[in-house]
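Asks: Mind having a look at this structure? Questions to follow.
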Amino acid sequence: MSKIPADLHKKCETGVIRAKDAIAQGYHPMNLKRLEQKGLLVHSGWGIYTPISANITEHHGLVEATQRVPKGVICLLSALSFHELTTQIPFETWLAIAPNARHPKDKLLSLRILHMSGEALKSGIESHEIEGVTVRIYCLAKTIVDCFKYRNKIGLDVAIEALRECLRAKCCTVDELWHYAKICRMSNVMRPYLEAIA
């Protein structure tokens, strides 16, 4: 195989080929391995391949993480970065999953997993099309509330700066922030910051 087969071409346009999808189309895993050996695919995660001809964006890591953990939701620093509300570029992709979901282990992809449940997991999810793949990402207001909830993991300074910048740029309203603060039980924690900044 000197090039990626035409029937896999559509998968290539998405920026990521999942091994299980290729197998479902009738490809043997060794075919993917051969394409990798020929330099046409890069094995970028467990069961994940990136075609070298793919149109890669700055958010390619989010696409890989979503393909690796389809029920995960991009959160915290990764969501802040996507919403362009931080100058930090996280070296890990932050994902929220249900408490009973299997914790993915991957030697190639750098994933940071958080367990959320109930409305805190389900609320505020937006779908964004990146590289032809639907990626689930928390909206900005929910992301900021999560930053306060998980301030011990990312730092209170990051949460405060995100809140300040969000309100300054009018990216979301105080009412939206209160809505998610109630869902995530962060009203008491966030009240003094919202009163001081808003």
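Quick note on naming: the chains in the structure tokens go A, B, ... in the order shown, residues restart at 1 in each chain, and ligands are numbered from 1 in order of appearance.
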Could you give me, as a Markdown table, a per-residue list for segment 26-144 of chain A showing, wherever an atom lies at most 9 Å from an atom of segment 148-172 of chain A, the closest pair of atoms and their distance in Å to one decimal, using only C-alpha atoms and sorting by chain then residue number from low to high?

Replies:
```
| residue | atom | partner | partner_atom | distance |
| --- | --- | --- | --- | --- |
| A:Leu76 | CA | A:Ile154 | CA | 8.2 |
| A:Leu77 | CA | A:Ile154 | CA | 7.8 |
| A:Leu80 | CA | A:Ala162 | CA | 7.8 |
| A:Leu85 | CA | A:Ala162 | CA | 6.3 |
| A:Thr86 | CA | A:Ala162 | CA | 6.9 |
| A:Leu140 | CA | A:Cys172 | CA | 7.2 |
| A:Ala141 | CA | A:Cys172 | CA | 6.3 |
| A:Thr143 | CA | A:Phe148 | CA | 8.9 |
| A:Ile144 | CA | A:Leu163 | CA | 6.3 |
```

Asks: Take the residues that were just selected and, keeping N, CA and C atoms, output them as a tab-separated table (two decimals), in the first residue's frame.

Replies:
```
chain	number	residue	atom	x	y	z
A	76	LEU	N	-12.16	22.12	32.07
A	76	LEU	CA	-11.12	22.88	32.76
A	76	LEU	C	-10.13	23.57	31.82
A	77	LEU	N	-8.83	23.33	31.99
A	77	LEU	CA	-7.83	24.09	31.23
A	77	LEU	C	-7.97	23.89	29.73
A	80	LEU	N	-10.92	26.04	28.73
A	80	LEU	CA	-10.52	27.45	28.80
A	80	LEU	C	-9.69	27.83	27.58
A	85	LEU	N	-9.65	31.77	26.65
A	85	LEU	CA	-9.72	32.58	27.87
A	85	LEU	C	-8.51	32.36	28.76
A	86	THR	N	-7.50	31.74	28.23
A	86	THR	CA	-6.25	31.58	28.97
A	86	THR	C	-5.09	31.59	27.99
A	140	LEU	N	-18.47	28.15	28.38
A	140	LEU	CA	-17.54	28.97	29.15
A	140	LEU	C	-17.99	29.18	30.59
A	141	ALA	N	-19.27	29.47	30.81
A	141	ALA	CA	-19.75	29.70	32.18
A	141	ALA	C	-19.56	28.45	33.04
A	143	THR	N	-17.39	26.07	32.52
A	143	THR	CA	-15.95	25.86	32.66
A	143	THR	C	-15.39	26.71	33.80
A	144	ILE	N	-15.82	27.96	33.88
A	144	ILE	CA	-15.31	28.84	34.94
A	144	ILE	C	-15.75	28.33	36.31
```

Asks: Give me the residues within 10 Å of Asp21 of chain A as a PyMOL selection string, counting only C-alpha atoms and dropping any in the same chain fewer than 2 places off.

Replies: chain A and resi 8+11+17-19+23-27+47-48

Asks: Produce a table with one row for each residue of segment 38-87 of chain A that has an atom at most 8 Å from any atom of segment 110-132 of chain A, each row naming the nearest atom pair and its distance in Å at one decimal; use only C-alpha atoms; arrange rows by chain and rising residue number; format as a Markdown table.

Replies:
```
| residue | atom | partner | partner_atom | distance |
| --- | --- | --- | --- | --- |
| A:Asn55 | CA | A:Glu131 | CA | 7.1 |
| A:Ile56 | CA | A:Glu131 | CA | 7.0 |
| A:Thr57 | CA | A:Glu131 | CA | 7.1 |
| A:His59 | CA | A:Ile130 | CA | 7.3 |
| A:His60 | CA | A:Glu131 | CA | 7.5 |
| A:Val63 | CA | A:Ile130 | CA | 6.8 |
| A:Ala65 | CA | A:Leu111 | CA | 7.3 |
| A:Val73 | CA | A:Ile125 | CA | 7.5 |
```

Asks: Restricting the calculation to only C-alpha atoms: of A:Thr93, A:Ser53, A:Asn31, A:Gln37, which residue gets closest to Val69 of chain A?

Replies: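 Looking only at the distances to Val69 of chain A, the closest residue turns out to be A:Thr93.
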
Asks: Could you give me the residues within segment 5-196 of chain A that DSSP places in strand (DSSP E), as number ranges by chain?

Replies: A: 17-18, 41-45, 48-51, 73-74, 93-97, 111-115, 125-130, 133-138

Asks: Could you please write out, as a count of residues only, every residue of segment 14-91 of chain A that DSSP assigns to helix (DSSP H, G or I)?

Replies: 31

Asks: Point out the residue among A:Ala98, A:Leu35, A:Cys139, A:Ala54 with the least atom-to-atom distance to His83 of chain A, counting only C-alpha atoms.

Replies: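 The closest residue to His83 of chain A is A:Cys139.
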
Asks: For atom CA of Ile183 of chain A and atom CA of Glu92 of chain A, determine how far apart the two atoms are, in Å to one decimal place.

Replies: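 About the pair atom CA of Ile183 of chain A and atom CA of Glu92 of chain A: they are 26.1 Å apart.
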
Asks: Rounded to one decimal, what separation in Å do you get between atom CA of Val16 of chain A and atom CA of Thr50 of chain A?

Replies: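 Calculated distance between atom CA of Val16 of chain A and atom CA of Thr50 of chain A is 4.7 Å.
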
Asks: Would you mind listing what lies within 9 Å of Gly39 of chain A as a PyMOL selection string, with only C-alpha atoms counted and same-chain residues fewer than 5 positions away left out?

Replies: chain A and resi 34+51-52

Asks: Keeping N, CA and C atoms, export the residues of the selection given above as an mmCIF file, in the first residue's frame.

Replies:
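Okay, out13.cif is ready:
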```cif
data_model
loop_
_atom_site.group_PDB
_atom_site.id
_atom_site.type_symbol
_atom_site.label_atom_id
_atom_site.label_comp_id
_atom_site.auth_asym_id
_atom_site.auth_seq_id
_atom_site.Cartn_x
_atom_site.Cartn_y
_atom_site.Cartn_z
ATOM 1 N N ARG A 34 0.733 -1.416 8.669
ATOM 2 C CA ARG A 34 1.532 -1.241 7.445
ATOM 3 C C ARG A 34 1.508 0.209 6.969
ATOM 4 N N PRO A 51 -3.789 10.505 10.038
ATOM 5 C CA PRO A 51 -3.184 10.497 8.700
ATOM 6 C C PRO A 51 -2.255 11.699 8.512
ATOM 7 N N ILE A 52 -1.103 11.492 7.876
ATOM 8 C CA ILE A 52 -0.206 12.626 7.706
ATOM 9 C C ILE A 52 -0.764 13.642 6.730
#
```

Asks: Atom CA of Ala196 of chain A to atom CA of Val145 of chain A: how many Å, to one decimal?

Replies: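 Spanning atom CA of Ala196 of chain A to atom CA of Val145 of chain A is a straight-line distance of 15.9 Å.
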
Asks: Please provide as JSON, numbers by chain all residues within 9 Å of Met190 of chain A, with the sequence filter that same-chain residues fewer than 4 positions apart are discarded (counting only C-alpha atoms).

Replies: {"A": [145, 148, 178, 181, 186, 194, 195]}
